[in-house]
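**Student:** File name protein22.csv; file contents CSV, C-alpha atoms; full text below.
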chain,number,residue,atom,x,y,z
A,1,MET,CA,69.4,-42.5,-8.2
A,2,SER,CA,70.5,-43.1,-11.8
A,3,VAL,CA,72.6,-40.4,-13.4
A,4,ALA,CA,71.2,-41.2,-16.8
A,5,LEU,CA,68.8,-38.8,-18.5
A,6,SER,CA,66.2,-41.6,-18.7
A,7,LEU,CA,62.5,-41.4,-19.2
A,8,GLU,CA,62.1,-45.2,-19.3
A,9,GLY,CA,58.4,-46.1,-19.1
A,10,LYS,CA,57.1,-42.6,-19.1
A,11,ILE,CA,54.2,-41.3,-21.2
A,12,ALA,CA,54.7,-37.9,-22.7
A,13,LEU,CA,52.5,-35.5,-24.8
A,14,ILE,CA,54.5,-33.0,-26.8
A,15,THR,CA,52.6,-30.3,-28.7
A,16,GLY,CA,53.8,-28.9,-31.9
A,17,GLY,CA,56.0,-32.0,-32.4
A,18,SER,CA,56.2,-32.2,-36.1
A,19,ARG,CA,58.9,-29.6,-36.6
A,20,GLY,CA,61.6,-27.5,-34.9
A,21,ILE,CA,62.0,-27.8,-31.1
A,22,GLY,CA,59.0,-30.1,-30.8
A,23,ALA,CA,60.4,-32.6,-33.3
A,24,ALA,CA,63.8,-32.6,-31.7
A,25,ALA,CA,62.1,-33.2,-28.3
A,26,VAL,CA,60.0,-36.1,-29.7
A,27,ARG,CA,63.1,-37.8,-31.0
A,28,MET,CA,65.1,-37.2,-27.8
A,29,PHE,CA,62.3,-38.3,-25.5
A,30,VAL,CA,61.8,-41.6,-27.4
A,31,GLN,CA,65.6,-42.2,-27.3
A,32,ALA,CA,65.4,-41.7,-23.5
A,33,GLY,CA,62.8,-44.5,-23.3
A,34,ALA,CA,59.5,-42.6,-23.3
A,35,HIS,CA,56.4,-43.3,-25.2
A,36,VAL,CA,55.4,-40.1,-27.0
A,37,VAL,CA,52.2,-38.6,-28.5
A,38,PHE,CA,52.6,-35.4,-30.4
A,39,ASN,CA,50.2,-33.2,-32.3
A,40,TYR,CA,50.6,-31.5,-35.7
A,41,GLN,CA,48.3,-29.2,-37.6
A,42,LYS,CA,49.5,-29.1,-41.2
A,43,ALA,CA,52.8,-30.8,-41.4
A,44,GLU,CA,51.5,-34.3,-42.0
A,45,ALA,CA,54.4,-35.6,-44.0
A,46,GLU,CA,56.9,-34.4,-41.4
A,47,ALA,CA,54.8,-36.0,-38.6
A,48,GLU,CA,54.7,-39.3,-40.5
A,49,LYS,CA,58.5,-39.2,-41.0
A,50,ILE,CA,59.1,-38.8,-37.3
A,51,VAL,CA,56.8,-41.7,-36.4
A,52,ARG,CA,58.7,-43.9,-38.9
A,53,GLU,CA,62.0,-42.9,-37.4
A,54,CYS,CA,60.9,-43.4,-33.8
A,55,GLY,CA,58.7,-46.5,-34.3
A,56,ALA,CA,54.9,-46.6,-34.3
A,57,ASP,CA,55.0,-48.6,-31.0
A,58,LYS,CA,56.8,-45.7,-29.2
A,59,CYS,CA,55.5,-42.7,-31.0
A,60,VAL,CA,52.1,-41.5,-32.2
A,61,ALA,CA,51.1,-38.4,-34.2
A,62,ILE,CA,47.7,-36.8,-33.9
A,63,LYS,CA,46.3,-34.1,-36.1
A,64,CYS,CA,45.0,-31.4,-33.8
A,65,ASN,CA,44.5,-27.7,-34.2
A,66,LEU,CA,45.3,-26.1,-30.8
A,67,GLU,CA,43.7,-22.7,-31.3
A,68,GLY,CA,41.5,-21.9,-28.3
A,69,THR,CA,40.3,-24.3,-25.6
A,70,GLU,CA,38.1,-26.6,-27.5
A,71,THR,CA,40.4,-29.4,-28.6
A,72,ALA,CA,42.8,-29.9,-25.7
A,73,GLU,CA,40.7,-32.3,-23.7
A,74,ARG,CA,40.4,-34.6,-26.7
A,75,LEU,CA,44.1,-34.6,-27.3
A,76,ILE,CA,44.8,-35.5,-23.7
A,77,ALA,CA,42.2,-38.2,-23.8
A,78,ALA,CA,43.7,-39.7,-27.0
A,79,THR,CA,47.1,-39.8,-25.3
A,80,VAL,CA,45.7,-41.7,-22.3
A,81,LYS,CA,43.7,-44.0,-24.5
A,82,GLN,CA,46.9,-44.8,-26.6
A,83,PHE,CA,49.3,-45.4,-23.7
A,84,GLY,CA,47.2,-45.7,-20.5
A,85,ARG,CA,48.2,-42.5,-18.6
A,86,LEU,CA,50.0,-39.2,-18.9
A,87,ASP,CA,53.2,-38.5,-17.0
A,88,ILE,CA,54.7,-35.5,-19.0
A,89,LEU,CA,53.2,-32.6,-20.8
A,90,VAL,CA,55.5,-30.4,-22.9
A,91,VAL,CA,53.7,-27.4,-24.3
A,92,ASN,CA,55.8,-26.3,-27.3
A,93,HIS,CA,53.4,-25.1,-29.9
A,94,GLY,CA,52.8,-21.4,-30.6
A,95,VAL,CA,52.7,-18.7,-33.2
A,96,TRP,CA,54.9,-15.6,-33.7
A,97,PRO,CA,53.5,-13.3,-36.3
A,98,PRO,CA,56.7,-12.3,-38.2
A,99,GLU,CA,55.5,-8.9,-39.4
A,100,ASP,CA,56.3,-6.0,-37.1
A,101,ALA,CA,53.1,-4.3,-35.9
A,102,GLY,CA,52.9,-1.2,-33.7
A,103,VAL,CA,50.3,-1.5,-31.0
A,104,GLU,CA,48.2,1.1,-32.6
A,105,SER,CA,48.0,-0.9,-35.8
A,106,LEU,CA,47.8,-4.4,-34.4
A,107,SER,CA,44.4,-5.8,-35.4
A,108,ASP,CA,41.9,-7.3,-33.0
A,109,GLN,CA,41.9,-10.4,-35.1
A,110,GLN,CA,45.7,-11.0,-34.7
A,111,TRP,CA,45.6,-10.2,-31.0
A,112,ARG,CA,42.8,-12.8,-30.4
A,113,ARG,CA,44.4,-15.4,-32.6
A,114,THR,CA,47.8,-15.1,-30.8
A,115,ILE,CA,46.1,-15.3,-27.4
A,116,ALA,CA,44.0,-18.3,-28.5
A,117,ILE,CA,47.0,-20.3,-29.7
A,118,ASN,CA,49.7,-19.2,-27.3
A,119,LEU,CA,47.7,-18.9,-24.1
A,120,ASP,CA,44.1,-20.2,-24.2
A,121,SER,CA,45.1,-23.6,-25.5
A,122,VAL,CA,47.9,-23.8,-22.9
A,123,PHE,CA,45.5,-23.3,-20.1
A,124,ALA,CA,43.2,-26.0,-21.5
A,125,LEU,CA,46.1,-28.5,-22.0
A,126,VAL,CA,47.4,-27.9,-18.4
A,127,LYS,CA,43.9,-28.1,-17.0
A,128,HIS,CA,43.0,-31.4,-18.5
A,129,SER,CA,46.5,-32.9,-18.0
A,130,VAL,CA,46.5,-32.1,-14.3
A,131,ALA,CA,43.2,-33.8,-13.9
A,132,ARG,CA,44.8,-37.0,-15.2
A,133,MET,CA,48.2,-36.6,-13.5
A,134,LYS,CA,46.8,-36.1,-10.0
A,135,SER,CA,45.6,-39.7,-10.0
A,136,THR,CA,48.9,-41.2,-10.9
A,137,ALA,CA,51.7,-38.9,-9.8
A,138,THR,CA,53.6,-40.0,-6.6
A,139,VAL,CA,56.7,-38.9,-4.8
A,140,ALA,CA,58.6,-41.8,-6.4
A,141,SER,CA,57.1,-41.2,-9.8
A,142,PRO,CA,56.2,-37.5,-10.2
A,143,ALA,CA,54.6,-35.9,-13.2
A,144,HIS,CA,56.1,-33.0,-15.2
A,145,ILE,CA,54.8,-30.0,-17.1
A,146,VAL,CA,57.2,-27.9,-19.1
A,147,LEU,CA,56.0,-24.8,-20.9
A,148,VAL,CA,58.1,-23.2,-23.7
A,149,SER,CA,58.1,-19.4,-23.2
A,150,SER,CA,60.6,-16.9,-24.7
A,151,THR,CA,63.0,-14.1,-23.9
A,152,ALA,CA,60.1,-11.9,-25.1
A,153,GLY,CA,58.1,-13.1,-22.1
A,154,GLN,CA,60.7,-11.6,-19.7
A,155,ARG,CA,61.8,-8.4,-21.4
A,156,GLY,CA,59.0,-7.8,-23.9
A,157,GLU,CA,59.4,-7.4,-27.7
A,158,ALA,CA,58.7,-4.2,-29.5
A,159,PHE,CA,56.2,-4.4,-32.3
A,160,HIS,CA,55.2,-7.9,-31.1
A,161,VAL,CA,53.1,-7.0,-28.0
A,162,ASP,CA,50.7,-9.9,-28.6
A,163,TYR,CA,53.5,-12.5,-28.6
A,164,ALA,CA,55.3,-11.0,-25.6
A,165,ALA,CA,52.1,-10.8,-23.6
A,166,THR,CA,51.3,-14.5,-24.1
A,167,LYS,CA,54.9,-15.7,-23.3
A,168,GLY,CA,55.0,-13.5,-20.2
A,169,ALA,CA,51.7,-15.1,-19.1
A,170,LEU,CA,53.2,-18.6,-19.4
A,171,ILE,CA,55.9,-17.6,-17.0
A,172,SER,CA,53.4,-16.4,-14.5
A,173,MET,CA,51.4,-19.6,-15.0
A,174,VAL,CA,54.6,-21.6,-14.2
A,175,LYS,CA,55.3,-19.7,-11.0
A,176,GLY,CA,51.7,-20.1,-9.7
A,177,LEU,CA,51.2,-23.7,-10.8
A,178,SER,CA,54.5,-24.9,-9.4
A,179,THR,CA,53.5,-24.1,-5.9
A,180,GLU,CA,49.9,-25.2,-6.4
A,181,LEU,CA,50.8,-28.6,-7.7
A,182,ALA,CA,54.0,-29.4,-5.8
A,183,PRO,CA,52.0,-31.2,-3.0
A,184,ARG,CA,50.5,-33.4,-5.7
A,185,TYR,CA,54.0,-34.4,-7.0
A,186,ILE,CA,53.5,-32.4,-10.3
A,187,TYR,CA,56.6,-30.4,-11.2
A,188,VAL,CA,56.0,-27.3,-13.4
A,189,ASN,CA,58.9,-25.5,-15.2
A,190,CYS,CA,59.6,-23.4,-18.2
A,191,VAL,CA,62.2,-23.2,-20.9
A,192,ALA,CA,62.8,-19.8,-22.4
A,193,PRO,CA,64.4,-19.8,-25.9
A,194,GLY,CA,65.6,-16.8,-27.8
A,195,TRP,CA,66.3,-17.1,-31.5
A,196,VAL,CA,66.4,-20.7,-32.7
A,197,ASP,CA,66.9,-22.1,-36.2
A,198,THR,CA,63.3,-23.2,-36.9
A,199,ASP,CA,60.7,-22.7,-39.6
A,200,MET,CA,59.0,-20.0,-37.5
A,201,SER,CA,62.1,-17.8,-37.3
A,202,LYS,CA,63.6,-18.7,-40.7
A,203,PRO,CA,62.1,-15.7,-42.6
A,204,ALA,CA,63.7,-13.2,-40.2
A,205,LEU,CA,67.0,-15.1,-40.0
A,206,GLN,CA,67.3,-15.2,-43.8
A,207,ASP,CA,66.5,-11.5,-44.2
A,208,PRO,CA,69.9,-9.7,-44.7
A,209,ALA,CA,68.4,-6.6,-43.2
A,210,VAL,CA,67.4,-8.4,-40.0
A,211,ALA,CA,69.8,-11.2,-39.3
A,212,PRO,CA,72.9,-9.1,-38.4
A,213,ALA,CA,70.9,-7.2,-35.8
A,214,VAL,CA,69.6,-10.5,-34.4
A,215,LEU,CA,73.1,-12.0,-34.0
A,216,ALA,CA,74.5,-8.8,-32.5
A,217,LYS,CA,72.1,-9.2,-29.5
A,218,ILE,CA,73.2,-12.8,-28.8
A,219,PRO,CA,76.4,-12.9,-26.7
A,220,LEU,CA,77.3,-16.4,-28.0
A,221,GLY,CA,77.1,-14.9,-31.5
A,222,ARG,CA,74.7,-17.5,-33.1
A,223,VAL,CA,71.2,-18.8,-32.9
A,224,GLY,CA,70.3,-22.0,-31.1
A,225,THR,CA,69.5,-25.4,-32.6
A,226,PRO,CA,66.3,-27.3,-31.9
A,227,GLU,CA,68.3,-30.0,-30.1
A,228,GLU,CA,69.9,-27.4,-27.8
A,229,LEU,CA,66.4,-26.6,-26.6
A,230,ALA,CA,65.1,-30.1,-26.5
A,231,ALA,CA,67.8,-31.3,-24.2
A,232,PRO,CA,67.0,-28.9,-21.3
A,233,ILE,CA,63.3,-29.8,-21.7
A,234,LEU,CA,64.2,-33.5,-21.4
A,235,PHE,CA,66.4,-32.8,-18.4
A,236,LEU,CA,63.6,-31.0,-16.5
A,237,CYS,CA,61.5,-34.2,-16.8
A,238,THR,CA,64.1,-36.6,-15.4
A,239,PRO,CA,65.0,-37.5,-11.8
A,240,LEU,CA,68.2,-35.3,-12.2
A,241,ALA,CA,65.8,-32.3,-11.9
A,242,GLY,CA,64.1,-33.7,-8.9
A,243,PHE,CA,64.5,-30.5,-6.8
A,244,ILE,CA,63.5,-28.0,-9.5
A,245,THR,CA,60.1,-26.6,-9.9
A,246,GLY,CA,58.8,-23.1,-10.8
A,247,GLU,CA,62.0,-22.4,-12.7
A,248,VAL,CA,62.5,-20.4,-15.9
A,249,LEU,CA,65.5,-21.9,-17.6
A,250,ASN,CA,67.0,-19.5,-20.1
A,251,VAL,CA,68.4,-21.3,-23.2
A,252,ASN,CA,69.1,-18.3,-25.4
A,253,GLY,CA,72.8,-17.8,-25.7
A,254,GLY,CA,72.6,-15.0,-23.1
A,255,ALA,CA,70.3,-12.9,-25.2
A,256,VAL,CA,67.9,-12.2,-22.4
A,257,LEU,CA,70.6,-10.3,-20.6
A,258,VAL,CA,71.4,-7.8,-23.3
A,259,GLY,CA,68.5,-7.8,-25.8
Using structure tokens, write down the structure that the file contains.

**Tutor:**
Amino acid sequence: MSVALSLEGKIALITGGSRGIGAAAVRMFVQAGAHVVFNYQKAEAEAEKIVRECGADKCVAIKCNLEGTETAERLIAATVKQFGRLDILVVNHGVWPPEDAGVESLSDQQWRRTIAINLDSVFALVKHSVARMKSTATVASPAHIVLVSSTAGQRGEAFHVDYAATKGALISMVKGLSTELAPRYIYVNCVAPGWVDTDMSKPALQDPAVAPAVLAKIPLGRVGTPEELAAPILFLCTPLAGFITGEVLNVNGGAVLVG
């Protein structure tokens, strides 16, 4: 077995690929030899820049709003139409409403939107991906699903019950799906970030009243970079992770242990 972190010849779909962790993963997967489709919702300029960097023959961006279950099947079908099959699904997109909201004041609208983006769409993406993967995955060439959860999915997050509930649900999905799909040579794992330097977390990390408290709860004393999350995601999709399924890989500077 090669010791290289290679995805040569693999076809990957990475959601939320125009910025942050997703963008780092797109670049890293292409560098590892994969052909990549990624979706974006609003960041068209950023998406086009990534395609130019990676090469249009290796990387395709598709505008797709993943809120609810309605659009996932079309995104999967577009990936297969573009490159012939689907070997890897990385579900990275999500929303974290930055304003604190006690459960008694959390609106029904925010609850439903967070669930629709962070959970309902994930179910639909996995459902339609698995339907494709089952026809091509083999013991010699397995398929991979990696869901991006959070420290909040393991220990909760006060004033963000909607976000924590969805990220905890992803972990439960991974545990169940990994045993369900292992006989079909489909690996299912999870990466759990904490605070990462992305656009989503930037308002909190730039707030002088919030940032010191954030850093105080990270044993390594800093936030992560998108590349530091993309690399473990890549690893989980390579032969070097050939005996790993159902795993929650914490990539959060130790924050899950003390937060």

**Student:** Take the point (53.3, -42.5, -30.1) as written in the file and pick out every residue within 8 Å of it, counting only C-alpha atoms; give the list as a list of chain:residue names.

**Tutor:**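 The requested residues, written out, are A:His35, A:Val36, A:Val37, A:Phe38, A:Val51, A:Gly55, A:Ala56, A:Asp57, A:Lys58, A:Cys59, A:Val60, A:Ala61, A:Gln82.
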
**Student:** For the atom pair atom CA of A:Leu220 and atom CA of A:Asp162, what is the interatomic distance in Å to one decimal place?

**Tutor:**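 One can read the atom CA of A:Leu220 to atom CA of A:Asp162 distance as 27.4 Å.
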
**Student:** Out of A:Lys42, A:Arg132, A:His160, A:Arg19, which residue has the shortest atom-to-atom distance to A:Ala77 when counting all atoms listed in the file?

**Tutor:**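 That would be A:Arg132, the residue with the smallest distance to A:Ala77.
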
**Student:** Applying 8 Å and only C-alpha atoms, which residues near A:Ile145 remain after dropping the ones on its own chain fewer than 3 positions away? List them as a list of chain:residue names.

**Tutor:**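 Final neighbour list, sorted by chain and number: A:Ile88, A:Leu89, A:Val90, A:Val91, A:Val126, A:Ile186, A:Tyr187, A:Val188, A:Asn189, A:Cys237.
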
**Student:** May I have the residues from that selection written out with C-alpha atoms, as an mmCIF file, keeping the file's coordinate frame?

**Tutor:**
data_model
loop_
_atom_site.group_PDB
_atom_site.id
_atom_site.type_symbol
_atom_site.label_atom_id
_atom_site.label_comp_id
_atom_site.auth_asym_id
_atom_site.auth_seq_id
_atom_site.Cartn_x
_atom_site.Cartn_y
_atom_site.Cartn_z
ATOM 1 C CA ILE A 88 54.700 -35.500 -19.000
ATOM 2 C CA LEU A 89 53.200 -32.600 -20.800
ATOM 3 C CA VAL A 90 55.500 -30.400 -22.900
ATOM 4 C CA VAL A 91 53.700 -27.400 -24.300
ATOM 5 C CA VAL A 126 47.400 -27.900 -18.400
ATOM 6 C CA ILE A 186 53.500 -32.400 -10.300
ATOM 7 C CA TYR A 187 56.600 -30.400 -11.200
ATOM 8 C CA VAL A 188 56.000 -27.300 -13.400
ATOM 9 C CA ASN A 189 58.900 -25.500 -15.200
ATOM 10 C CA CYS A 237 61.500 -34.200 -16.800
#

**Student:** Any idea what the distance is between atom CA of A:Ala143 and atom CA of A:Phe243?

**Tutor:**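 Atom-to-atom, atom CA of A:Ala143 to atom CA of A:Phe243, that is 13.0 Å.
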